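For reference, start-v3.txt (compact mmCIF, C-alpha atoms):
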# COMPACT_ATOMS: atom_id res chain seq x y z
CA MET A 1 -21.43 -32.38 -54.82
CA GLN A 2 -17.99 -31.36 -56.02
CA ARG A 3 -19.16 -27.80 -56.21
CA GLN A 4 -20.03 -27.88 -52.51
CA ARG A 5 -16.65 -29.33 -51.67
CA PHE A 6 -14.97 -26.66 -53.76
CA GLU A 7 -16.89 -23.90 -52.01
CA SER A 8 -15.86 -25.31 -48.68
CA LEU A 9 -12.20 -25.39 -49.71
CA LEU A 10 -12.49 -21.87 -51.00
CA ARG A 11 -13.90 -20.63 -47.70
CA GLN A 12 -11.28 -22.47 -45.67
CA HIS A 13 -8.16 -21.39 -47.51
CA GLN A 14 -8.86 -18.24 -49.50
CA ASP A 15 -7.75 -15.75 -46.85
CA PRO A 16 -4.32 -17.18 -46.02
CA LEU A 17 -3.69 -17.77 -49.72
CA HIS A 18 -4.47 -14.14 -50.42
CA ARG A 19 -2.19 -13.03 -47.58
CA GLN A 20 0.57 -15.20 -48.99
CA ALA A 21 0.17 -13.76 -52.48
CA LEU A 22 -0.10 -10.23 -51.14
CA ALA A 23 3.05 -10.60 -49.07
CA MET A 24 4.90 -11.90 -52.08
CA LEU A 25 3.55 -9.52 -54.71
CA GLY A 26 2.43 -6.41 -52.84
CA ASP A 27 -0.31 -5.83 -55.35
CA ALA A 28 -3.89 -6.55 -54.36
CA ASP A 29 -5.10 -7.09 -57.92
CA GLU A 30 -2.27 -9.40 -58.82
CA ALA A 31 -2.68 -11.30 -55.57
CA GLN A 32 -6.36 -11.84 -56.34
CA ASP A 33 -5.50 -12.99 -59.83
CA VAL A 34 -3.00 -15.52 -58.52
CA VAL A 35 -5.48 -16.85 -55.97
CA GLN A 36 -8.19 -17.07 -58.60
CA ASP A 37 -5.89 -18.91 -61.00
CA SER A 38 -4.93 -21.31 -58.23
CA TYR A 39 -8.55 -22.12 -57.44
CA LEU A 40 -9.31 -22.63 -61.10
CA LYS A 41 -6.48 -25.16 -61.18
CA LEU A 42 -7.91 -26.78 -58.10
CA TRP A 43 -11.33 -26.97 -59.74
CA ALA A 44 -9.83 -28.74 -62.73
CA ARG A 45 -8.01 -31.26 -60.53
CA LEU A 46 -10.45 -31.56 -57.69
CA ASP A 47 -10.60 -35.35 -57.99
CA GLU A 48 -6.85 -35.62 -57.50
CA VAL A 49 -6.40 -33.30 -54.52
CA GLU A 50 -7.32 -34.60 -51.08
CA ASP A 51 -8.76 -32.34 -48.44
CA ALA A 52 -5.93 -33.11 -46.02
CA THR A 53 -3.25 -31.86 -48.40
CA CYS A 54 -5.28 -29.24 -50.19
CA ARG A 55 -3.94 -26.32 -48.18
CA ALA A 56 -0.34 -27.22 -48.92
CA TRP A 57 -1.19 -27.94 -52.55
CA LEU A 58 -2.83 -24.56 -53.01
CA ALA A 59 -0.04 -22.78 -51.14
CA GLN A 60 2.44 -24.27 -53.53
CA VAL A 61 0.40 -23.31 -56.58
CA VAL A 62 0.11 -19.76 -55.25
CA ARG A 63 3.83 -19.67 -54.53
CA ASN A 64 4.65 -20.79 -58.06
CA GLY A 65 2.20 -18.29 -59.51
CA CYS A 66 3.75 -15.47 -57.46
CA LEU A 67 7.31 -16.44 -58.34
CA ASP A 68 6.33 -16.50 -61.98
CA ARG A 69 4.86 -13.01 -61.74
CA ILE A 70 7.86 -11.74 -59.79
CA ARG A 71 10.14 -13.00 -62.52
CA ARG A 72 8.06 -11.22 -65.12
CA GLN A 73 7.95 -8.05 -63.02
CA LYS A 74 11.73 -8.05 -62.77
CA VAL A 75 11.98 -8.28 -66.51
CA ARG A 76 9.51 -5.40 -66.86
CA ARG A 77 11.30 -3.29 -64.26
CA THR A 78 14.59 -3.80 -65.98
CA ALA A 79 12.99 -2.64 -69.19
CA GLN A 80 11.21 0.32 -67.56
CA GLY A 81 14.19 1.81 -65.79
CA PRO A 82 14.96 2.87 -62.23
CA VAL A 83 12.56 3.12 -59.33
CA ARG A 84 11.82 6.46 -57.69
CA SER A 85 10.31 7.16 -54.30
CA ASP A 86 7.46 9.47 -53.39
CA ARG A 87 7.23 11.73 -50.35
CA GLN A 88 6.02 8.92 -48.15
CA GLY A 89 8.85 6.62 -49.12
CA LEU A 90 6.60 4.30 -51.09
CA MET A 91 8.27 2.58 -53.93
CA LEU A 92 6.91 3.87 -57.21
CA ARG A 93 7.83 3.74 -60.81
CA ASP A 94 7.06 6.58 -63.14
CA ASP A 95 3.97 4.92 -64.53
CA GLU A 96 2.59 3.76 -61.19
CA SER A 97 0.50 5.20 -58.41
CA ALA A 98 0.07 4.08 -54.83
CA GLU A 99 -3.25 2.51 -55.80
CA ALA A 100 -1.39 0.15 -58.04
CA THR A 101 0.20 -1.49 -55.05
CA LEU A 102 -1.55 -2.04 -51.74
CA GLU A 103 -4.84 -0.26 -51.44
CA VAL A 104 -5.67 1.61 -48.26
CA SER A 105 -9.10 0.04 -48.23
CA ASP A 106 -7.50 -3.40 -48.02
CA LEU A 107 -5.94 -2.65 -44.71
CA GLY A 108 -8.82 -1.96 -42.39
CA THR A 109 -10.11 1.31 -40.99
CA GLY A 110 -9.13 3.80 -38.33
CA VAL A 111 -6.27 6.14 -37.60
CA ASP A 112 -3.68 3.40 -38.01
CA ARG A 113 -4.58 2.95 -41.64
CA LEU A 114 -1.66 4.90 -43.05
CA HIS A 115 0.79 3.21 -40.72
CA GLN A 116 -0.60 -0.13 -41.73
CA GLN A 117 -0.24 0.74 -45.36
CA LEU A 118 3.32 1.88 -44.88
CA ASP A 119 4.10 -1.25 -42.89
CA ALA A 120 2.57 -3.39 -45.59
CA GLN A 121 4.63 -1.65 -48.23
CA ARG A 122 7.78 -2.20 -46.20
CA LEU A 123 6.81 -5.78 -45.57
CA VAL A 124 6.40 -6.39 -49.28
CA ALA A 125 9.71 -4.70 -50.02
CA ALA A 126 11.42 -6.77 -47.32
CA MET A 127 9.78 -9.94 -48.58
CA GLU A 128 10.99 -9.12 -52.04
CA GLU A 129 14.54 -8.98 -50.73
CA LEU A 130 14.22 -12.22 -48.80
CA LYS A 131 15.77 -15.13 -50.64
CA GLU A 132 14.10 -18.43 -51.35
CA PRO A 133 13.45 -20.77 -49.65
CA TRP A 134 13.37 -18.48 -46.62
CA ARG A 135 10.47 -16.44 -47.97
CA SER A 136 8.39 -19.53 -48.67
CA ILE A 137 9.21 -21.08 -45.31
CA ILE A 138 8.01 -17.98 -43.48
CA LEU A 139 4.80 -17.77 -45.46
CA LEU A 140 3.99 -21.46 -45.25
CA ARG A 141 4.57 -21.43 -41.53
CA GLU A 142 3.26 -18.05 -40.42
CA VAL A 143 0.43 -17.54 -42.87
CA HIS A 144 -0.66 -21.11 -43.56
CA ASP A 145 0.29 -22.71 -40.26
CA LEU A 146 1.66 -25.72 -42.11
CA PRO A 147 3.58 -28.19 -39.96
CA TYR A 148 7.33 -28.39 -40.38
CA GLU A 149 7.07 -31.82 -41.98
CA GLU A 150 4.73 -30.58 -44.68
CA ILE A 151 6.97 -27.59 -45.41
CA ALA A 152 9.99 -29.87 -45.60
CA THR A 153 8.21 -32.12 -48.07
CA ARG A 154 6.90 -29.26 -50.20
CA LEU A 155 10.25 -27.48 -50.38
CA ASP A 156 12.36 -30.62 -50.51
CA LEU A 157 14.35 -29.72 -47.41
CA SER A 158 15.27 -31.67 -44.32
CA LEU A 159 13.21 -31.13 -41.20
CA SER A 160 16.07 -29.58 -39.26
CA ALA A 161 16.87 -27.29 -42.20
CA VAL A 162 13.29 -26.01 -42.18
CA LYS A 163 13.44 -25.27 -38.46
CA VAL A 164 16.76 -23.49 -38.66
CA TYR A 165 15.90 -21.63 -41.84
CA LEU A 166 12.62 -20.46 -40.35
CA HIS A 167 14.40 -18.74 -37.48
CA ARG A 168 17.03 -17.31 -39.77
CA ALA A 169 14.37 -16.09 -42.15
CA ARG A 170 12.49 -14.34 -39.36
CA ARG A 171 15.68 -12.59 -38.29
CA ARG A 172 16.48 -11.55 -41.83
CA LEU A 173 12.96 -10.39 -42.55
CA ARG A 174 13.01 -8.25 -39.45
CA GLU A 175 16.34 -6.72 -40.42
CA LEU A 176 15.10 -6.00 -43.92
CA PHE A 177 11.85 -4.55 -42.62
CA GLU A 178 13.68 -2.27 -40.23
CA ASP A 179 16.07 -1.25 -42.98
CA GLU A 180 13.09 -0.37 -45.12
CA ALA A 181 11.63 1.68 -42.29
CA THR A 182 14.78 3.70 -41.77
CA ALA A 183 15.81 4.07 -45.39
CA PRO A 184 15.50 7.80 -46.27
CA ALA A 185 14.74 7.16 -49.92
CA ARG A 186 14.80 4.32 -52.27
CA GLY A 187 15.56 6.29 -55.34
CA ALA A 188 19.00 4.82 -55.49
CA ARG A 189 17.62 1.28 -55.51
CA ALA A 190 17.10 0.11 -58.99
CA MET B 1 14.05 -34.83 -48.72
CA SER B 2 17.46 -33.37 -49.16
CA ILE B 3 20.40 -35.09 -47.59
CA HIS B 4 22.71 -33.27 -45.28
CA THR B 5 26.16 -32.99 -46.68
CA PRO B 6 29.16 -31.75 -44.71
CA ASP B 7 28.70 -28.42 -46.48
CA ASN B 8 25.12 -27.76 -45.48
CA LEU B 9 25.72 -29.15 -42.00
CA ARG B 10 28.42 -26.56 -41.65
CA GLU B 11 25.95 -24.01 -42.94
CA LEU B 12 23.40 -25.04 -40.32
CA SER B 13 25.79 -25.38 -37.45
CA PRO B 14 25.86 -21.78 -36.16
CA ASP B 15 22.11 -21.91 -35.54
CA SER B 16 22.04 -25.48 -34.43
CA ARG B 17 23.25 -24.95 -30.91
CA CYS B 18 19.74 -24.83 -29.49
CA LEU B 19 18.00 -26.93 -32.12
CA GLN B 20 15.96 -28.77 -29.52
CA TRP B 21 14.33 -25.53 -28.40
CA LEU B 22 13.16 -24.31 -31.79
CA ASP B 23 9.82 -26.12 -31.68
CA GLY B 24 9.09 -24.75 -28.24
CA ILE B 25 10.01 -21.22 -29.24
CA ASP B 26 7.76 -21.48 -32.25
CA ARG B 27 4.87 -22.76 -30.12
CA LEU B 28 5.41 -20.04 -27.56
CA ALA B 29 5.28 -17.36 -30.26
CA ARG B 30 2.10 -18.84 -31.72
CA ASP B 31 0.13 -20.03 -28.70
CA GLY B 32 1.88 -18.46 -25.73
CA GLU B 33 2.58 -21.87 -24.22
CA ALA B 34 6.00 -22.72 -22.83
CA THR B 35 7.32 -25.51 -20.66
CA PRO B 36 9.21 -24.57 -17.49
CA GLU B 37 12.36 -25.98 -19.11
CA LEU B 38 11.99 -23.66 -22.08
CA GLN B 39 11.33 -20.70 -19.85
CA ALA B 40 14.45 -21.49 -17.86
CA HIS B 41 16.45 -21.84 -21.08
CA LEU B 42 15.16 -18.55 -22.46
CA ALA B 43 16.17 -16.78 -19.29
CA GLY B 44 19.78 -17.75 -19.87
CA CYS B 45 20.12 -17.89 -23.67
CA THR B 46 20.17 -14.60 -25.52
CA THR B 47 20.14 -16.34 -28.91
CA CYS B 48 16.88 -18.12 -28.19
CA ALA B 49 15.39 -15.05 -26.55
CA GLN B 50 16.16 -13.19 -29.77
CA ARG B 51 14.55 -15.99 -31.78
CA LEU B 52 11.38 -15.73 -29.74
CA ASP B 53 11.32 -11.99 -30.23
CA ASP B 54 11.80 -12.37 -33.99
CA ALA B 55 9.05 -14.99 -34.17
CA ARG B 56 6.58 -12.73 -32.38
CA PHE B 57 7.60 -9.77 -34.52
CA THR B 58 7.10 -11.71 -37.76
CA ARG B 59 3.68 -12.96 -36.75
CA GLU B 60 2.64 -9.46 -35.83
CA LEU B 61 3.98 -8.17 -39.14
CA LEU B 62 2.03 -10.63 -41.25
CA ARG B 63 -1.19 -10.57 -39.22
CA PRO B 64 -2.72 -7.36 -40.68
CA LEU B 65 -2.55 -8.53 -44.28
CA PRO B 66 -6.12 -8.77 -45.53
CA GLY B 67 -7.90 -11.90 -46.67
CA LEU B 68 -9.51 -12.32 -50.05
CA PRO B 69 -12.23 -9.73 -50.66
CA ALA B 70 -15.76 -11.10 -50.92
CA ASP B 71 -16.20 -9.96 -54.50
CA ALA B 72 -13.04 -11.81 -55.55
CA SER B 73 -14.35 -14.93 -53.87
CA ALA B 74 -17.65 -14.55 -55.73
CA ARG B 75 -15.77 -14.12 -59.00
CA ILE B 76 -14.00 -17.42 -58.46
CA LEU B 77 -17.29 -19.22 -57.85
CA ALA B 78 -18.81 -17.60 -60.92
CA ALA B 79 -15.80 -18.57 -63.01
CA VAL B 80 -15.96 -22.26 -62.15
CA GLY B 81 -19.69 -22.65 -62.77
CA GLY B 82 -21.46 -25.75 -61.53
CA ASP B 83 -20.63 -29.41 -61.39
CA ALA B 84 -21.65 -29.82 -65.00
CA ALA B 85 -19.14 -27.19 -66.05
CA ARG B 86 -16.23 -28.82 -64.29
CA PRO B 87 -13.59 -29.85 -66.80
CA ALA B 88 -12.40 -33.40 -66.78
CA ALA B 89 -9.22 -33.87 -64.80
CA PRO B 90 -6.22 -33.34 -67.05
CA ARG B 91 -5.02 -36.65 -68.34
CA ARG B 92 -1.59 -37.72 -67.37
CA ALA B 93 0.97 -37.68 -70.11
CA PRO B 94 0.47 -40.77 -72.20
CA ALA B 95 3.02 -43.51 -71.84
CA PRO B 96 5.51 -43.65 -74.69
CA ARG B 97 4.06 -45.61 -77.52
CA ARG B 98 5.52 -48.98 -78.12
CA ARG B 99 7.82 -48.95 -81.05
CA TRP B 100 6.07 -51.54 -83.07
CA SER B 101 2.72 -49.80 -82.96
CA SER B 102 3.71 -46.97 -85.29
CA TRP B 103 5.33 -49.35 -87.72
CA ALA B 104 2.32 -51.58 -87.65
CA ALA B 105 0.15 -48.55 -88.35
CA VAL B 106 2.29 -47.56 -91.30
CA ALA B 107 2.32 -51.10 -92.63
CA ALA B 108 -1.44 -51.27 -92.31
CA ALA B 109 -1.71 -47.92 -94.03
CA ALA B 110 0.50 -49.18 -96.82
CA ALA B 111 -1.73 -52.17 -97.26
CA ALA B 112 -4.73 -49.88 -97.36
CA PHE B 113 -2.90 -47.83 -99.94
CA VAL B 114 -2.86 -50.76 -102.34
CA ALA B 115 -6.54 -51.26 -101.84
CA LEU B 116 -7.23 -47.61 -102.51
CA LEU B 117 -5.19 -47.48 -105.67
CA LEU B 118 -6.61 -50.59 -107.17
CA PRO B 119 -9.55 -50.14 -109.51
CA ALA B 120 -12.96 -50.79 -108.13
CA GLY B 121 -13.86 -54.41 -108.61
CA GLY B 122 -10.29 -55.47 -108.07
CA GLY B 123 -7.47 -55.61 -110.55
CA VAL B 124 -5.68 -58.33 -108.73
CA ARG B 125 -8.37 -60.91 -108.71
CA PRO B 126 -9.57 -61.54 -112.23
CA PRO B 127 -13.23 -61.46 -112.99
CA ALA B 128 -14.80 -64.86 -112.90
CA GLY B 129 -14.40 -66.60 -116.15
CA ASP B 130 -11.26 -64.75 -117.21
CA ALA B 131 -8.51 -67.18 -117.78
CA VAL B 132 -5.79 -64.54 -117.93
CA PRO B 133 -5.31 -61.80 -115.31
CA VAL B 134 -4.65 -58.32 -116.57
CA ALA B 135 -1.86 -56.38 -114.87
CA SER B 136 -2.85 -52.82 -115.60
CA ALA B 137 -0.52 -49.83 -115.64
CA GLU B 138 -2.25 -48.67 -112.46
CA LEU B 139 -1.40 -51.91 -110.76
CA ASP B 140 2.20 -51.59 -111.87
CA GLN B 141 2.36 -48.14 -110.41
CA ALA B 142 0.63 -49.25 -107.22
CA ALA B 143 3.04 -52.11 -106.83
CA ARG B 144 5.97 -49.83 -107.34
CA GLU B 145 4.71 -47.28 -104.86
CA LEU B 146 3.92 -49.94 -102.32
CA HIS B 147 7.39 -51.30 -102.77
CA ILE B 148 8.86 -47.89 -102.14
CA ALA B 149 6.57 -47.28 -99.18
CA MET B 150 7.54 -50.55 -97.58
CA ARG B 151 11.15 -49.73 -98.26
CA VAL B 152 10.76 -46.45 -96.43
CA VAL B 153 9.08 -48.19 -93.54
CA GLY B 154 11.78 -50.83 -93.46
CA LEU B 155 14.45 -48.17 -93.48
CA ALA B 156 12.74 -46.35 -90.65
CA MET B 157 12.55 -49.55 -88.62
CA ALA B 158 16.18 -50.31 -89.26
CA GLN B 159 17.20 -46.88 -88.07
CA GLY B 160 15.37 -47.17 -84.78
CA THR B 161 13.05 -44.69 -83.18
CA SER B 162 14.55 -41.36 -84.11
CA MET B 163 12.00 -38.63 -84.55
CA ALA B 164 12.97 -38.09 -88.16
CA THR B 165 12.32 -41.68 -89.17
CA ARG B 166 9.16 -41.88 -87.10
CA GLU B 167 7.88 -38.73 -88.73
CA MET B 168 8.80 -40.03 -92.13
CA GLY B 169 6.98 -43.28 -91.51
CA GLY B 170 4.01 -41.33 -90.21
CA LYS B 171 3.95 -39.07 -93.24
CA VAL B 172 4.02 -41.98 -95.61
CA GLY B 173 1.23 -43.67 -93.70
CA SER B 174 -0.93 -40.53 -93.66
CA ALA B 175 -0.29 -39.81 -97.28
CA VAL B 176 -1.14 -43.35 -98.21
CA MET B 177 -4.41 -43.16 -96.33
CA GLN B 178 -5.25 -39.86 -97.99
CA GLY B 179 -4.32 -41.04 -101.45
CA THR B 180 -1.63 -38.42 -101.78
CA ALA B 181 1.34 -40.69 -101.48
CA LYS B 182 2.50 -40.48 -105.04
CA PRO B 183 4.32 -37.14 -104.92
CA LEU B 184 5.76 -38.00 -101.56
CA LEU B 185 7.03 -41.33 -102.72
CA GLU B 186 8.41 -39.80 -105.86
CA ALA B 187 10.44 -37.50 -103.64
CA VAL B 188 12.05 -40.38 -101.82
CA PRO B 189 15.78 -40.20 -102.51
CA PRO B 190 16.83 -42.88 -104.96
CA SER B 191 19.67 -43.78 -102.63
CA ILE B 192 17.32 -45.52 -100.25
CA LEU B 193 15.52 -47.47 -102.94
CA PRO B 194 16.51 -51.04 -103.63
CA ARG B 195 18.39 -51.26 -106.89
CA ARG B 196 16.12 -53.91 -108.26
CA ALA B 197 13.09 -51.80 -107.63
CA GLN B 198 13.83 -49.25 -110.28
CA PRO B 199 12.30 -49.45 -112.69
CA VAL B 200 9.59 -51.97 -111.98
CA ALA B 201 9.10 -53.93 -115.15
CA PRO B 202 5.50 -54.14 -116.33
CA LEU B 203 4.02 -57.54 -116.06
CA ASP B 204 3.56 -59.45 -119.24
CA PRO B 205 0.12 -60.98 -119.12
CA GLN B 206 1.12 -63.60 -121.66
CA ALA B 207 4.07 -64.72 -119.60
CA HIS B 208 2.02 -65.52 -116.50
CA PRO B 209 -1.00 -67.44 -117.54
CA ARG B 210 -3.32 -68.54 -114.79
CA GLY B 211 -6.21 -70.77 -114.62

Please rewrite the model in this file as structure tokens.
Amino acid sequence: MQRQRFESLLRQHQDPLHRQALAMLGDADEAQDVVQDSYLKLWARLDEVEDATCRAWLAQVVRNGCLDRIRRQKVRRTAQGPVRSDRQGLMLRDDESAEATLEVSDLGTGVDRLHQQLDAQRLVAAMEELKEPWRSIILLREVHDLPYEEIATRLDLSLSAVKVYLHRARRRLRELFEDEATAPARGARA
Amino acid sequence: MSIHTPDNLRELSPDSRCLQWLDGIDRLARDGEATPELQAHLAGCTTCAQRLDDARFTRELLRPLPGLPADASARILAAVGGDAARPAAPRRAPAPRRRWSSWAAVAAAAAAFVALLLPAGGGVRPPAGDAVPVASAELDQAARELHIAMRVVGLAMAQGTSMATREMGGKVGSAVMQGTAKPLLEAVPPSILPRRAQPVAPLDPQAHPRG
């Protein structure tokens, strides 16, 4: 019985949760790990989580999981040294390859594939620059379609703050994305 | 919910000019629906027109991100197993124990300690027919150790619920139950022992006739 309910919740929410994790982490494997961990937590607490709030609950667990990984990544990056850029402007470290971040196969097929990959890389880089709670507001609204009230509750903000921050965050994300697109190289960015 | 202070109101104010239109702009970017009033406002407000453009841009930017691959979804289902494999919901943190319960446990343990140390058959209650009870050396020692144990417990109670005293009381109780209290009690600093308790004079069987 609970297994059926769990499967249904998995089907309903897995894709936006993965998009959220991917936008925050930029790494398909890590995003999958975070989503899997979140569902395992849901499985353990299935009796406590109601269907109506499950999406927001999972989104918050994914957000926390991503923030935790981002913190750890920052520590690792600091320890590993500066970032270099490859010919395509993708952000790489010396021990990384493009496959370690977004995979081409994740982004559909066709002639736009490379552009999509580059856009996704820039999106992730821009998201990385976006401050909290702006980043979470954008993802909860645009990816999860959560109502303003739910976002306000989850992030402990006022309703009007969520509305205003959402528009500011969109503006800032766009600026960052366009900066990423025009930046000649990111070698100087550590 | 956070409360608006003058500071964050000031922070919000530059974007708050058209606050009433934000919902409509958001809806227009998502569903393409706009009221005539909003359309009229957008025609004359560059700020809101920019907001609409940003909202559409952001949605378009996030749309191509892929969903969870099927194999990852299957891995999750395999990892959780069936209903029978579902772990019990994590228990909420237990409420703080009432203070008396740990002391009562230690006191009970101390009482058990006496019973454990006493010879089988009972050294306290004389065998039927004996007119004179025999206070053995073991009983003397047991009495002394019980005295010390109760002193430790009393001290812990007097000092409140600090972790150190609780742990001490717990150690004494555990040791008593395991029959390993003697070294522990011997290590109790003499300063906390009652003066009259050291040494405990052996009982003189002749001086306390019963019967």

* Asked: Using all atoms listed in the file, which residues sit within 12 Å of stretch 9-12 of chain A once same-chain residues fewer than 6 positions away are excluded, as a PyMOL selection string?
  -> (chain A and resi 2-3+18+35-36+38-40+42-43+46+49-55+57-58+144) or (chain B and resi 67-70+72-77+80)

* To do: Tell me, in Å to one decimal, how far atom CA of B:His41 is from atom CA of A:Val164.
  =>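 Separation of atom CA of B:His41 and atom CA of A:Val164: 17.7 Å.
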
* Point-to-point distance in Å for atom CA of B:Ala34 and atom CA of A:Leu140 ->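 If I compute the distance from atom CA of A:Leu140 to atom CA of B:Ala34, I get 22.5 Å.
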
* Asked: How many Å lie between atom CA of A:Leu157 and atom CA of A:Pro133, rounded to one decimal?
  -> 9.3 Å

* **Spatial neighbours of A:Arg69, 8 Å, all atoms listed in the file, chain gap at least 4 places, as a ChimeraX atom specification** => /A:25,65,73

Would you write out those residues with C-alpha atoms, as an mmCIF file, in the frame of the given file?
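As a result, again_14.cif now contains:
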data_model
loop_
_atom_site.group_PDB
_atom_site.id
_atom_site.type_symbol
_atom_site.label_atom_id
_atom_site.label_comp_id
_atom_site.auth_asym_id
_atom_site.auth_seq_id
_atom_site.Cartn_x
_atom_site.Cartn_y
_atom_site.Cartn_z
ATOM 1 C CA LEU A 25 3.550 -9.520 -54.710
ATOM 2 C CA GLY A 65 2.200 -18.290 -59.510
ATOM 3 C CA GLN A 73 7.950 -8.050 -63.020
#

Restrict the calculation to all atoms listed in the file, then for each residue of chain A with any atom at most 8 Å from an atom of chain B give the closest atom pair and their distance in Å to one decimal, rows by chain and rising residue number, as a Markdown table.
| residue | atom | partner | partner_atom | distance |
| --- | --- | --- | --- | --- |
| A:Met1 | CA | B:Asp83 | CA | 7.3 |
| A:Gln2 | CA | B:Asp83 | CA | 6.3 |
| A:Arg3 | CA | B:Asp83 | CA | 5.6 |
| A:Glu7 | CA | B:Leu77 | CA | 7.5 |
| A:Leu10 | CA | B:Ser73 | CA | 7.7 |
| A:Gln14 | CA | B:Leu68 | CA | 6.0 |
| A:Asp15 | CA | B:Gly67 | CA | 3.9 |
| A:Pro16 | CA | B:Gly67 | CA | 6.4 |
| A:Leu17 | CA | B:Gly67 | CA | 7.8 |
| A:His18 | CA | B:Leu68 | CA | 5.4 |
| A:Arg19 | CA | B:Leu65 | CA | 5.6 |
| A:Leu22 | CA | B:Leu65 | CA | 7.5 |
| A:Ala23 | CA | B:Leu65 | CA | 7.7 |
| A:Gln32 | CA | B:Ala72 | CA | 6.7 |
| A:Gln36 | CA | B:Ile76 | CA | 5.8 |
| A:Tyr39 | CA | B:Ile76 | CA | 7.3 |
| A:Leu40 | CA | B:Val80 | CA | 6.7 |
| A:Trp43 | CA | B:Arg86 | CA | 6.9 |
| A:Ala44 | CA | B:Ala89 | CA | 5.6 |
| A:Arg45 | CA | B:Ala89 | CA | 5.1 |
| A:Leu46 | CA | B:Ala89 | CA | 7.6 |
| A:Asp47 | CA | B:Ala89 | CA | 7.1 |
| A:Glu48 | CA | B:Ala89 | CA | 7.9 |
| A:Asp106 | CA | B:Pro66 | CA | 6.1 |
| A:Leu107 | CA | B:Pro66 | CA | 6.2 |
| A:Gly108 | CA | B:Pro66 | CA | 8.0 |
| A:Gln116 | CA | B:Pro64 | CA | 7.6 |
| A:Asp119 | CA | B:Leu61 | CA | 7.9 |
| A:Ala120 | CA | B:Leu65 | CA | 7.4 |
| A:Leu123 | CA | B:Leu61 | CA | 7.4 |
| A:Glu142 | CA | B:Arg59 | CA | 6.3 |
| A:Val143 | CA | B:Leu62 | CA | 7.3 |
| A:Ala152 | CA | B:Met1 | CA | 7.1 |
| A:Thr153 | CA | B:Met1 | CA | 6.5 |
| A:Asp156 | CA | B:Met1 | CA | 4.9 |
| A:Leu157 | CA | B:Ser2 | CA | 5.1 |
| A:Ser158 | CA | B:Met1 | CA | 5.6 |
| A:Ser160 | CA | B:Leu19 | CA | 7.9 |
| A:Ala161 | CA | B:Leu12 | CA | 7.2 |
| A:Lys163 | CA | B:Leu22 | CA | 6.7 |
| A:Val164 | CA | B:Asp15 | CA | 6.4 |
| A:His167 | CA | B:Arg51 | CA | 6.3 |
| A:Arg170 | CA | B:Asp54 | CA | 5.8 |
| A:Arg171 | CA | B:Asp54 | CA | 5.8 |
| A:Leu173 | CA | B:Thr58 | CA | 7.7 |
| A:Arg174 | CA | B:Asp54 | CA | 6.9 |

Which centre and edge lengths in Å to one decimal define the box along x, y and z that fits every listed atom of stretch 63-76 of chain B plus 5 Å per side, as AutoDock Vina command-line options?
--center_x -9.4 --center_y -12.4 --center_z -49.1 --size_x 26.5 --size_y 20.1 --size_z 29.8

* Using only C-alpha atoms, which residue out of A:Asp27, A:Ala181, A:Glu150, A:Trp134 lies closest to A:Tyr165? ->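 Residue with the minimum atom-to-atom distance to A:Tyr165: A:Trp134.
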